[in-house]
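As stored in structure-v2.tsv (TSV, C-alpha atoms):
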```
chain	number	residue	atom	x	y	z
A	1	MET	CA	-44.66	17.96	45.47
A	2	ASN	CA	-42.99	14.58	44.85
A	3	TYR	CA	-39.66	14.95	46.71
A	4	SER	CA	-38.01	12.19	44.62
A	5	ILE	CA	-38.62	14.20	41.44
A	6	LEU	CA	-37.37	17.39	43.15
A	7	LEU	CA	-34.15	15.65	44.27
A	8	LEU	CA	-33.55	14.34	40.74
A	9	LEU	CA	-34.00	17.85	39.29
A	10	ILE	CA	-31.49	19.29	41.76
A	11	LEU	CA	-28.90	16.59	41.12
A	12	THR	CA	-29.31	16.96	37.35
A	13	THR	CA	-29.00	20.77	37.54
A	14	PHE	CA	-25.69	20.60	39.41
A	15	GLY	CA	-24.29	17.86	37.15
A	16	ILE	CA	-24.28	15.18	39.81
A	17	VAL	CA	-26.34	12.92	37.56
A	18	SER	CA	-27.05	13.21	33.86
A	19	SER	CA	-30.42	13.19	32.22
A	20	PRO	CA	-30.94	10.27	29.82
A	21	THR	CA	-31.63	12.67	26.93
A	22	LEU	CA	-28.44	14.64	27.49
A	23	ALA	CA	-26.38	11.47	27.86
A	24	GLN	CA	-27.46	10.25	24.46
A	25	ASN	CA	-26.00	13.34	22.79
A	26	SER	CA	-23.05	13.91	25.12
A	27	PRO	CA	-19.66	14.83	23.62
A	28	SER	CA	-18.07	11.84	25.36
A	29	GLN	CA	-20.44	9.41	23.65
A	30	GLU	CA	-19.89	11.08	20.29
A	31	LEU	CA	-16.14	10.83	20.89
A	32	LEU	CA	-16.43	7.12	21.65
A	33	GLU	CA	-18.45	6.58	18.49
A	34	SER	CA	-15.87	8.55	16.50
A	35	GLN	CA	-13.02	6.51	17.99
A	36	GLU	CA	-14.85	3.28	17.16
A	37	GLN	CA	-15.33	4.39	13.54
A	38	ALA	CA	-11.66	5.34	13.30
A	39	GLU	CA	-10.70	1.94	14.72
A	40	GLN	CA	-12.73	0.21	12.02
A	41	LYS	CA	-10.97	2.20	9.30
A	42	LYS	CA	-7.46	1.67	10.67
A	43	ALA	CA	-5.32	-0.30	8.25
A	44	LEU	CA	-4.09	-3.70	9.41
A	45	PHE	CA	-1.31	-5.61	7.65
A	46	PRO	CA	-0.74	-9.39	7.60
A	47	VAL	CA	2.65	-10.42	9.02
A	48	LEU	CA	4.59	-13.61	9.59
A	49	LYS	CA	6.14	-14.65	12.89
A	50	ASP	CA	7.44	-18.14	13.62
A	51	GLY	CA	5.54	-19.38	10.58
A	52	LYS	CA	2.20	-17.99	11.77
A	53	LEU	CA	-0.05	-15.23	10.44
A	54	GLY	CA	-0.95	-12.20	12.55
A	55	TYR	CA	-1.72	-8.53	11.96
A	56	ILE	CA	0.00	-5.24	12.76
A	57	ASP	CA	-0.98	-1.58	12.46
A	58	ARG	CA	0.95	1.07	10.50
A	59	GLU	CA	3.33	1.63	13.42
A	60	GLY	CA	4.23	-2.04	13.66
A	61	ASN	CA	2.21	-2.74	16.79
A	62	ILE	CA	0.77	-6.25	16.92
A	63	GLU	CA	-3.01	-5.97	16.78
A	64	ILE	CA	-3.71	-9.71	16.32
A	65	GLU	CA	-1.19	-12.20	17.66
A	66	PRO	CA	0.33	-14.47	14.97
A	67	GLN	CA	-1.53	-17.78	15.25
A	68	PHE	CA	-2.97	-18.71	11.85
A	69	MET	CA	-1.59	-20.43	8.76
A	70	PHE	CA	0.38	-18.04	6.54
A	71	SER	CA	0.74	-17.73	2.79
A	72	LEU	CA	1.87	-14.95	0.46
A	73	ALA	CA	-1.80	-14.65	-0.48
A	74	ALA	CA	-2.69	-13.58	3.07
A	75	ARG	CA	-5.29	-10.84	2.76
A	76	ARG	CA	-5.89	-7.45	4.31
A	77	PHE	CA	-9.12	-6.82	6.22
A	78	SER	CA	-12.18	-6.20	4.08
A	79	GLU	CA	-15.43	-4.84	5.50
A	80	GLY	CA	-14.20	-5.51	9.04
A	81	VAL	CA	-13.20	-9.16	8.60
A	82	ALA	CA	-10.31	-11.20	7.19
A	83	ALA	CA	-10.09	-14.74	5.88
A	84	ILE	CA	-7.70	-17.03	7.75
A	85	ALA	CA	-6.78	-20.69	7.54
A	86	ILE	CA	-6.41	-23.39	10.18
A	87	ASP	CA	-5.48	-26.92	9.15
A	88	GLY	CA	-6.06	-26.02	5.50
A	89	LYS	CA	-9.62	-24.79	6.00
A	90	GLY	CA	-10.78	-21.18	5.67
A	91	GLY	CA	-12.61	-19.18	8.31
A	92	LEU	CA	-13.09	-15.55	9.34
A	93	ILE	CA	-11.77	-13.34	12.12
A	94	ASP	CA	-12.83	-9.87	13.22
A	95	ARG	CA	-10.46	-6.95	13.79
A	96	ARG	CA	-9.73	-8.13	17.34
A	97	GLY	CA	-8.71	-11.58	16.18
A	98	ASN	CA	-11.88	-13.27	17.37
A	99	LEU	CA	-12.93	-16.25	15.29
A	100	ILE	CA	-16.37	-15.43	13.90
A	101	LEU	CA	-16.52	-18.31	11.41
A	102	GLU	CA	-15.02	-21.67	12.23
A	103	PRO	CA	-12.60	-22.80	9.47
A	104	GLN	CA	-14.59	-25.06	7.16
A	105	PHE	CA	-14.32	-23.88	3.55
A	106	GLU	CA	-11.78	-24.79	0.89
A	107	HIS	CA	-11.79	-21.18	-0.33
A	108	ILE	CA	-13.01	-17.81	0.96
A	109	GLY	CA	-12.77	-14.74	-1.28
A	110	GLU	CA	-12.63	-11.06	-0.39
A	111	PHE	CA	-15.79	-9.22	0.58
A	112	PHE	CA	-17.55	-7.14	-2.05
A	113	GLU	CA	-20.81	-5.38	-1.24
A	114	GLY	CA	-21.05	-7.33	2.00
A	115	LEU	CA	-20.65	-10.82	0.54
A	116	ALA	CA	-17.69	-13.10	-0.15
A	117	GLN	CA	-17.31	-16.19	-2.31
A	118	VAL	CA	-16.94	-19.54	-0.57
A	119	SER	CA	-16.40	-23.01	-2.02
A	120	GLN	CA	-16.61	-26.51	-0.68
A	121	GLY	CA	-16.58	-29.81	-2.56
A	122	GLY	CA	-16.85	-28.16	-5.95
A	123	GLU	CA	-19.91	-26.11	-4.98
A	124	ASN	CA	-19.83	-22.31	-4.64
A	125	GLY	CA	-21.92	-19.73	-2.81
A	126	PHE	CA	-21.59	-16.64	-0.61
A	127	ILE	CA	-21.29	-15.75	3.05
A	128	ASN	CA	-21.89	-12.43	4.80
A	129	SER	CA	-19.48	-10.64	7.14
A	130	THR	CA	-20.91	-12.40	10.21
A	131	GLY	CA	-19.97	-15.76	8.71
A	132	GLU	CA	-23.50	-16.84	7.85
A	133	ILE	CA	-24.24	-18.52	4.53
A	134	ALA	CA	-26.15	-15.83	2.64
A	135	ILE	CA	-26.46	-17.69	-0.68
A	136	SER	CA	-26.33	-21.47	-0.60
A	137	LEU	CA	-23.44	-23.35	-2.21
A	138	ARG	CA	-25.11	-24.56	-5.38
A	139	PHE	CA	-23.14	-23.04	-8.26
A	140	GLU	CA	-20.33	-24.48	-10.38
A	141	ALA	CA	-18.49	-21.15	-10.21
A	142	VAL	CA	-19.15	-17.58	-9.05
A	143	ARG	CA	-17.68	-14.12	-9.44
A	144	ASP	CA	-17.74	-11.24	-6.95
A	145	PHE	CA	-20.73	-8.95	-6.47
A	146	SER	CA	-20.66	-5.69	-8.39
A	147	GLY	CA	-23.55	-3.27	-8.75
A	148	GLY	CA	-25.77	-5.56	-6.70
A	149	LEU	CA	-25.36	-8.57	-8.99
A	150	ALA	CA	-22.90	-11.46	-9.29
A	151	ALA	CA	-22.15	-13.74	-12.22
A	152	VAL	CA	-22.74	-17.41	-11.44
A	153	LYS	CA	-22.30	-20.61	-13.43
A	154	ILE	CA	-24.94	-23.31	-13.32
A	155	GLY	CA	-25.63	-26.06	-15.83
A	156	GLY	CA	-22.54	-25.05	-17.77
A	157	LYS	CA	-23.84	-21.53	-18.45
A	158	TRP	CA	-23.37	-18.13	-16.80
A	159	GLY	CA	-26.11	-15.84	-15.50
A	160	PHE	CA	-26.55	-13.27	-12.71
A	161	ILE	CA	-28.05	-13.41	-9.22
A	162	ASP	CA	-28.97	-10.65	-6.77
A	163	ARG	CA	-27.88	-10.42	-3.13
A	164	LEU	CA	-30.75	-12.72	-2.11
A	165	GLY	CA	-29.52	-15.42	-4.45
A	166	GLU	CA	-32.40	-14.97	-6.88
A	167	MET	CA	-31.57	-15.53	-10.56
A	168	ILE	CA	-32.14	-12.12	-12.14
A	169	ILE	CA	-30.60	-12.82	-15.55
A	170	GLU	CA	-30.98	-16.42	-16.66
A	171	ALA	CA	-27.90	-18.54	-17.19
A	172	ARG	CA	-27.49	-18.49	-20.95
A	173	PHE	CA	-23.97	-17.17	-21.53
A	174	ASP	CA	-20.75	-19.07	-22.15
A	175	ASP	CA	-18.92	-16.57	-19.94
A	176	ALA	CA	-19.79	-13.39	-18.05
A	177	LEU	CA	-17.77	-10.73	-16.22
A	178	ASP	CA	-18.66	-8.18	-13.52
A	179	PHE	CA	-20.98	-5.20	-13.99
A	180	ASN	CA	-19.21	-1.85	-14.15
A	181	SER	CA	-20.30	1.41	-12.50
A	182	LYS	CA	-22.50	2.23	-15.51
A	183	GLY	CA	-24.42	-1.03	-15.23
A	184	LEU	CA	-22.82	-2.91	-18.12
A	185	ALA	CA	-21.37	-6.42	-18.04
A	186	THR	CA	-19.43	-8.13	-20.81
A	187	ILE	CA	-20.76	-11.56	-21.80
A	188	LYS	CA	-19.72	-14.30	-24.20
A	189	ILE	CA	-21.95	-16.34	-26.52
A	190	GLY	CA	-20.14	-18.96	-28.51
A	191	GLU	CA	-16.80	-17.43	-29.41
A	192	ARG	CA	-17.97	-13.80	-29.47
A	193	TRP	CA	-18.19	-11.13	-26.79
A	194	GLY	CA	-20.82	-8.45	-26.24
A	195	ALA	CA	-22.40	-6.55	-23.34
A	196	ILE	CA	-25.73	-6.50	-21.46
A	197	ASP	CA	-27.43	-4.18	-18.98
A	198	LYS	CA	-28.82	-5.16	-15.56
A	199	MET	CA	-32.10	-6.23	-17.09
A	200	GLY	CA	-30.27	-8.68	-19.32
A	201	ALA	CA	-30.95	-6.62	-22.43
A	202	THR	CA	-28.27	-6.75	-25.12
A	203	ILE	CA	-26.44	-3.42	-25.35
A	204	VAL	CA	-23.53	-4.63	-27.46
A	205	THR	CA	-24.29	-7.47	-29.85
A	206	PRO	CA	-21.80	-10.34	-29.32
A	207	ARG	CA	-19.56	-9.88	-32.34
A	208	PHE	CA	-16.11	-9.23	-30.92
A	209	GLU	CA	-13.25	-11.66	-30.48
A	210	ARG	CA	-12.60	-10.03	-27.12
A	211	ILE	CA	-13.85	-7.19	-24.90
A	212	LEU	CA	-11.78	-5.91	-22.00
A	213	PRO	CA	-13.34	-4.16	-18.95
A	214	PHE	CA	-14.38	-0.51	-19.28
A	215	HIS	CA	-11.94	2.15	-18.09
A	216	GLU	CA	-12.76	5.84	-18.18
A	217	GLY	CA	-15.83	5.09	-20.27
A	218	LEU	CA	-14.12	3.04	-22.98
A	219	ALA	CA	-13.49	-0.68	-23.43
A	220	ALA	CA	-10.95	-2.28	-25.74
A	221	ILE	CA	-12.44	-4.63	-28.35
A	222	LYS	CA	-10.81	-7.00	-30.83
A	223	ILE	CA	-11.99	-7.68	-34.39
A	224	ASP	CA	-9.99	-9.58	-37.00
A	225	SER	CA	-6.93	-9.49	-34.73
A	226	GLN	CA	-7.07	-5.66	-34.52
A	227	TRP	CA	-7.86	-3.67	-31.38
A	228	GLY	CA	-10.09	-0.61	-31.02
A	229	PHE	CA	-12.49	0.82	-28.42
A	230	ILE	CA	-16.25	1.10	-27.85
A	231	ASN	CA	-18.09	3.50	-25.53
A	232	GLU	CA	-20.63	2.55	-22.88
A	233	ASN	CA	-23.47	2.81	-25.39
A	234	GLY	CA	-21.84	0.06	-27.40
A	235	GLU	CA	-20.87	2.47	-30.16
A	236	MET	CA	-17.52	2.23	-31.91
A	237	ALA	CA	-15.44	5.06	-30.46
A	238	ILE	CA	-12.03	4.21	-31.94
A	239	ALA	CA	-11.90	1.93	-34.98
A	240	PRO	CA	-9.92	-1.33	-34.66
A	241	GLN	CA	-6.44	-0.64	-36.06
A	242	PHE	CA	-3.87	-1.53	-33.39
A	243	GLN	CA	-1.91	-4.68	-32.67
A	244	ARG	CA	-2.05	-4.18	-28.89
A	245	VAL	CA	-3.72	-1.71	-26.53
A	246	GLY	CA	-3.78	-0.88	-22.84
A	247	ASN	CA	-6.52	0.54	-20.64
A	248	PHE	CA	-7.32	4.24	-20.62
A	249	SER	CA	-5.80	5.89	-17.59
A	250	GLU	CA	-5.55	9.64	-17.00
A	251	GLY	CA	-7.04	10.14	-20.45
A	252	LEU	CA	-4.51	8.09	-22.42
A	253	ALA	CA	-4.06	4.47	-23.51
A	254	TYR	CA	-0.96	2.83	-24.91
A	255	ILE	CA	-1.17	1.24	-28.34
A	256	SER	CA	1.31	-0.60	-30.55
A	257	SER	CA	1.79	0.40	-34.15
A	258	GLY	CA	4.31	-1.83	-35.87
A	259	ASP	CA	6.96	-2.72	-33.34
A	260	ARG	CA	6.65	0.52	-31.34
A	261	VAL	CA	4.36	1.73	-28.55
A	262	GLY	CA	2.72	5.15	-28.35
A	263	TYR	CA	-0.37	6.62	-26.67
A	264	ILE	CA	-3.75	7.79	-27.96
A	265	ASN	CA	-6.34	10.05	-26.36
A	266	ARG	CA	-10.03	9.30	-25.95
A	267	GLN	CA	-10.74	10.63	-29.44
A	268	GLY	CA	-8.34	8.12	-30.94
A	269	GLU	CA	-5.79	10.81	-31.81
A	270	MET	CA	-2.11	10.01	-31.42
A	271	ALA	CA	-1.10	11.97	-28.30
A	272	ILE	CA	2.38	10.45	-27.90
A	273	GLU	CA	4.09	9.16	-31.01
A	274	PRO	CA	5.07	5.46	-31.09
A	275	GLU	CA	8.74	5.44	-30.20
A	276	PHE	CA	8.99	3.04	-27.28
A	277	GLU	CA	9.49	-0.72	-27.16
A	278	GLU	CA	6.91	-1.21	-24.40
A	279	GLY	CA	4.63	0.93	-22.26
A	280	GLY	CA	2.25	0.83	-19.34
A	281	ASP	CA	-0.78	2.61	-17.91
A	282	PHE	CA	-0.44	6.08	-16.38
A	283	SER	CA	-0.39	6.41	-12.61
A	284	GLU	CA	0.13	9.67	-10.70
A	285	GLY	CA	0.93	11.42	-13.97
A	286	LEU	CA	3.65	9.03	-15.15
A	287	ALA	CA	3.81	5.81	-17.17
A	288	ILE	CA	6.56	3.22	-17.54
A	289	VAL	CA	8.18	2.85	-20.96
A	290	SER	CA	11.14	0.90	-22.27
A	291	LEU	CA	13.99	1.71	-24.66
A	292	ASP	CA	16.90	-0.59	-25.41
A	293	LYS	CA	15.34	-3.10	-22.99
A	294	LYS	CA	15.61	-0.65	-20.10
A	295	TRP	CA	12.74	0.98	-18.25
A	296	GLY	CA	11.99	4.59	-17.34
A	297	PHE	CA	9.02	6.98	-17.14
A	298	ILE	CA	7.25	9.55	-19.33
A	299	ASN	CA	4.69	12.20	-18.44
A	300	THR	CA	1.33	12.72	-20.18
A	301	GLU	CA	3.04	15.04	-22.69
A	302	GLY	CA	5.28	12.17	-23.79
A	303	GLU	CA	8.39	13.73	-22.28
A	304	ILE	CA	10.92	11.36	-20.75
A	305	VAL	CA	11.18	12.47	-17.14
A	306	ILE	CA	13.12	9.43	-15.88
A	307	TYR	CA	15.42	8.06	-18.53
A	308	PRO	CA	15.12	4.31	-19.16
A	309	LYS	CA	17.99	2.71	-17.28
A	310	TYR	CA	16.36	0.20	-14.95
A	311	ASN	CA	16.00	-3.54	-15.50
A	312	ALA	CA	12.34	-3.27	-14.56
A	313	ALA	CA	9.93	-0.64	-13.25
A	314	TRP	CA	6.37	-0.47	-11.93
A	315	GLY	CA	3.80	2.32	-11.70
A	316	PHE	CA	3.76	4.99	-9.01
A	317	SER	CA	1.75	4.47	-5.84
A	318	GLU	CA	1.63	6.94	-2.95
A	319	GLY	CA	4.44	8.95	-4.53
A	320	LEU	CA	6.93	6.11	-4.98
A	321	ALA	CA	7.64	3.57	-7.71
A	322	ARG	CA	9.43	0.25	-7.57
A	323	ILE	CA	12.49	-0.11	-9.78
A	324	LYS	CA	14.85	-3.02	-10.32
A	325	SER	CA	18.57	-2.41	-10.62
A	326	GLY	CA	20.40	-5.63	-11.40
A	327	LYS	CA	18.42	-8.22	-9.46
A	328	LYS	CA	17.40	-5.98	-6.55
A	329	ILE	CA	14.30	-3.83	-6.07
A	330	GLY	CA	14.25	-0.34	-4.56
A	331	PHE	CA	12.03	2.75	-4.73
A	332	ILE	CA	12.33	6.15	-6.43
A	333	ASN	CA	10.18	9.28	-6.34
A	334	SER	CA	8.94	11.24	-9.35
A	335	GLU	CA	12.10	13.38	-9.26
A	336	GLU	CA	14.14	10.18	-9.74
A	337	GLU	CA	15.60	10.48	-6.28
A	338	LEU	CA	16.52	7.05	-4.94
A	339	ILE	CA	14.48	6.99	-1.75
A	340	ILE	CA	15.02	3.34	-0.82
A	341	LEU	CA	18.14	1.55	-2.08
A	342	PRO	CA	17.69	-1.57	-4.24
A	343	GLN	CA	18.05	-4.42	-1.75
A	344	PHE	CA	14.92	-6.55	-1.98
A	345	GLN	CA	14.19	-9.66	-4.01
A	346	GLY	CA	10.47	-8.85	-3.92
A	347	ALA	CA	8.37	-5.83	-3.01
A	348	SER	CA	4.79	-4.59	-3.27
A	349	ASP	CA	3.49	-1.11	-4.02
A	350	PHE	CA	2.95	1.21	-1.07
A	351	VAL	CA	-0.58	0.90	0.29
A	352	ASP	CA	-1.74	2.85	3.34
A	353	GLY	CA	1.85	3.98	3.91
A	354	LEU	CA	3.59	0.60	3.97
A	355	ALA	CA	5.10	-1.78	1.41
A	356	ARG	CA	5.72	-5.48	1.91
A	357	VAL	CA	9.27	-6.58	1.07
A	358	GLU	CA	11.02	-9.93	0.83
A	359	ILE	CA	14.60	-11.17	1.11
A	360	ASN	CA	15.51	-14.87	1.01
A	361	GLY	CA	11.95	-15.92	1.77
A	362	ARG	CA	11.65	-13.62	4.77
A	363	ILE	CA	8.82	-11.07	4.77
A	364	GLY	CA	8.76	-7.59	6.33
A	365	TYR	CA	7.20	-4.12	5.98
A	366	ILE	CA	8.86	-0.76	5.35
A	367	ASP	CA	7.53	2.79	5.47
A	368	ARG	CA	8.11	5.43	2.79
A	369	THR	CA	11.55	6.27	4.20
A	370	GLY	CA	12.69	2.63	3.99
A	371	ARG	CA	12.53	2.13	7.74
A	372	PHE	CA	11.46	-1.36	8.77
A	373	ILE	CA	8.13	-1.21	10.57
A	374	TRP	CA	8.10	-4.99	10.82
A	375	PRO	CA	11.43	-6.85	10.55
A	376	LEU	CA	12.11	-9.59	8.03
A	377	THR	CA	10.69	-12.78	9.50
A	378	ASN	CA	9.80	-16.30	8.43
```

Would you encode the structure as structure tokens?
Amino acid sequence: MNYSILLLLILTTFGIVSSPTLAQNSPSQELLESQEQAEQKKALFPVLKDGKLGYIDREGNIEIEPQFMFSLAARRFSEGVAAIAIDGKGGLIDRRGNLILEPQFEHIGEFFEGLAQVSQGGENGFINSTGEIAISLRFEAVRDFSGGLAAVKIGGKWGFIDRLGEMIIEARFDDALDFNSKGLATIKIGERWGAIDKMGATIVTPRFERILPFHEGLAAIKIDSQWGFINENGEMAIAPQFQRVGNFSEGLAYISSGDRVGYINRQGEMAIEPEFEEGGDFSEGLAIVSLDKKWGFINTEGEIVIYPKYNAAWGFSEGLARIKSGKKIGFINSEEELIILPQFQGASDFVDGLARVEINGRIGYIDRTGRFIWPLTN
């Protein structure tokens, strides 16, 4: 018998060495892969320190040392990369702060479906997440990819390309917006709006003064200065009859009738009578409304759950809503408990557990208790 093979069998049996097959499926390797996946999903937040941009995690630990140009438009990571600027030019970094695309573009957009807009010298194209030019810069303007296609402008007209840069729908529109999840895109010919499918076939004949994006299967349309809604088959779902409308959210959309705002359901029935001066979309079961120029919240039954008394209010996000009392912004919960005292001149919604706040030009981050995770800095 081959003694080398016998020795290997003995060592493997007693765990002194591992067989290649077992190692591939070992718990430790699976754990490492799981940790790597979790690392990729971990939220990172742009911060300012000594005038430079860096990134922290949710606990305030510095993940990428501040070293890049900072602006209030500094972006979160998208598909594993983030756009940064050095000397006024845009590049890309990975989640460890490594430069994977040397700064060279005048503009870099966010990544959608693996590609991001870039522009240079008035020409526009797309790069992939490794920083390579995926679609050459040859368009007058571009929009983000959605449903595998992106609207592009060439020769003064809009059409659609695929992820290889091939023109799938010829450039013949005066304007074009993104495709929605049902494969419809709103387009403009002359002064009228309609909709097409991914083959470029007309689904909604361009006859409207305006079409807004679809929400919950319905899109607001405008005819003769009146607003109504169509469904995704292009059929009139709610006849034009309103002066203003909002998007459908949680089954309701705000409308204005006369000088008052109410809410309709998807059948066009008045679900909440017009009695408010202004209104907003529903979020987490509540919508902002105003009375006597003050803002509060109603539920989907139209009941006032937080009486209008604030100078401004925004929708709920992660259980908290921004409110303005006087000139300062704080946060309340849905029970109207003041969770974070009004003290900020600017604030964002909570996203991934943190909100960005601003006082006198200094930027910081707080958690949902109001504790500073990253102090105010400039």

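As for atom CA of Arg260 of chain A and atom CA of Gly246 of chain A, they are spaced 13.5 Å apart.
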
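Restricting the calculation to only C-alpha atoms, the smallest distance between Ile373 of chain A and any of A:Ala116, A:Val289, A:Leu44, A:Ile56 is found for A:Ile56.
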
Which residue, A:Ile255, A:Val152, A:Ala271, A:Ala43, has the smallest gap to Ser78 of chain A when you use all atoms listed in the file?
A:Ala43

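For Met199 of chain A, the set of protein, DNA and RNA residues having any atom at most 10 Å away, when counting only C-alpha atoms and skipping those fewer than 6 positions along the same chain, is Phe160, Ile168, Ile169, Gly183 and Leu184 of chain A.
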
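If all atoms listed in the file are the atoms counted, then among A:Gly268, A:Gly326, A:Gly315, A:Gly122 the closest residue to Lys294 of chain A is A:Gly326.
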
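Take atom CA of Trp227 of chain A and atom CA of Tyr254 of chain A: the distance between them is 11.5 Å.
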
Atom pair atom CA of Val142 of chain A / atom CA of Ile223 of chain A: separation (Å):
28.1 Å

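For the residues A:Lys188, A:Arg322, A:Lys198, A:Arg266, ranking by smallest atom-to-atom distance to Glu216 of chain A using all atoms listed in the file places A:Arg266 first.
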
Please return, as a PyMOL selection string, all polymer residues that have at least one atom within 12 Å of the point (18.1, 7.4, -5.1); use all atoms listed in the file and the file's own coordinate frame.
chain A and resi 320-323+325+329-342+369-370

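Here the residues that fall within 8 Å of (9.4, 7.8, -27.7), using all atoms listed in the file, are given as Val261, Gly262, Ile272, Glu273, Pro274, Glu275, Phe276, Gly302 and Ile304 of chain A.
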
Can you list, as a PyMOL selection string, every protein, DNA or RNA residue that comes within 7 Å of Ile288 of chain A when you count all atoms listed in the file, leaving out same-chain residues fewer than 5 positions away?
chain A and resi 279-280+295-298+313-315

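Residue nearest Phe70 of chain A, chosen from A:Leu53, A:Ala176, A:Ala134, A:Ile84 and counting all atoms listed in the file: A:Leu53.
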
Which residues come within 7 Å of Asp162 of chain A, counting all atoms listed in the file, excluding same-chain residues fewer than 6 positions away, as a PyMOL selection string?
chain A and resi 148-150+168

Those selected residues, please, written with C-alpha atoms and delivered as a short mmCIF file (atom, residue, chain, number, x, y, z; two decimals), in the coordinates of the input.
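Saved result, result_35.cif, follows:
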```cif
data_model
loop_
_atom_site.label_atom_id
_atom_site.label_comp_id
_atom_site.auth_asym_id
_atom_site.auth_seq_id
_atom_site.Cartn_x
_atom_site.Cartn_y
_atom_site.Cartn_z
CA GLY A 148 -25.77 -5.56 -6.70
CA LEU A 149 -25.36 -8.57 -8.99
CA ALA A 150 -22.90 -11.46 -9.29
CA ILE A 168 -32.14 -12.12 -12.14
#
```

As a CSV table (one decimal), keeping the file's coordinate frame, could you write out segment 40-56 of chain A once it has been completed with N, CA and C atoms?
```csv
chain,number,residue,atom,x,y,z
A,40,GLN,N,-12.3,1.1,13.1
A,40,GLN,CA,-12.7,0.2,12.0
A,40,GLN,C,-12.0,0.5,10.7
A,41,LYS,N,-11.6,1.8,10.5
A,41,LYS,CA,-11.0,2.2,9.3
A,41,LYS,C,-9.5,2.0,9.3
A,42,LYS,N,-8.9,1.8,10.5
A,42,LYS,CA,-7.5,1.7,10.7
A,42,LYS,C,-6.9,0.5,9.9
A,43,ALA,N,-5.9,0.8,9.1
A,43,ALA,CA,-5.3,-0.3,8.2
A,43,ALA,C,-4.6,-1.3,9.1
A,44,LEU,N,-4.8,-2.6,8.8
A,44,LEU,CA,-4.1,-3.7,9.4
A,44,LEU,C,-3.4,-4.5,8.3
A,45,PHE,N,-2.2,-5.0,8.6
A,45,PHE,CA,-1.3,-5.6,7.6
A,45,PHE,C,-1.0,-7.0,8.1
A,46,PRO,N,-1.1,-8.0,7.2
A,46,PRO,CA,-0.7,-9.4,7.6
A,46,PRO,C,0.8,-9.5,7.7
A,47,VAL,N,1.2,-10.2,8.8
A,47,VAL,CA,2.6,-10.4,9.0
A,47,VAL,C,2.9,-11.9,9.4
A,48,LEU,N,4.2,-12.2,9.3
A,48,LEU,CA,4.6,-13.6,9.6
A,48,LEU,C,5.5,-13.6,10.8
A,49,LYS,N,5.3,-14.5,11.7
A,49,LYS,CA,6.1,-14.6,12.9
A,49,LYS,C,6.1,-16.1,13.3
A,50,ASP,N,7.3,-16.7,13.3
A,50,ASP,CA,7.4,-18.1,13.6
A,50,ASP,C,6.5,-19.0,12.8
A,51,GLY,N,6.4,-18.6,11.5
A,51,GLY,CA,5.5,-19.4,10.6
A,51,GLY,C,4.0,-19.2,10.7
A,52,LYS,N,3.6,-18.2,11.5
A,52,LYS,CA,2.2,-18.0,11.8
A,52,LYS,C,1.8,-16.6,11.3
A,53,LEU,N,0.5,-16.5,10.9
A,53,LEU,CA,0.0,-15.2,10.4
A,53,LEU,C,-0.7,-14.4,11.6
A,54,GLY,N,-0.3,-13.2,11.6
A,54,GLY,CA,-1.0,-12.2,12.6
A,54,GLY,C,-1.1,-10.9,11.8
A,55,TYR,N,-1.5,-9.8,12.6
A,55,TYR,CA,-1.7,-8.5,12.0
A,55,TYR,C,-1.1,-7.4,12.8
A,56,ILE,N,-0.6,-6.4,12.1
A,56,ILE,CA,0.0,-5.2,12.8
A,56,ILE,C,-0.7,-4.0,12.2
```
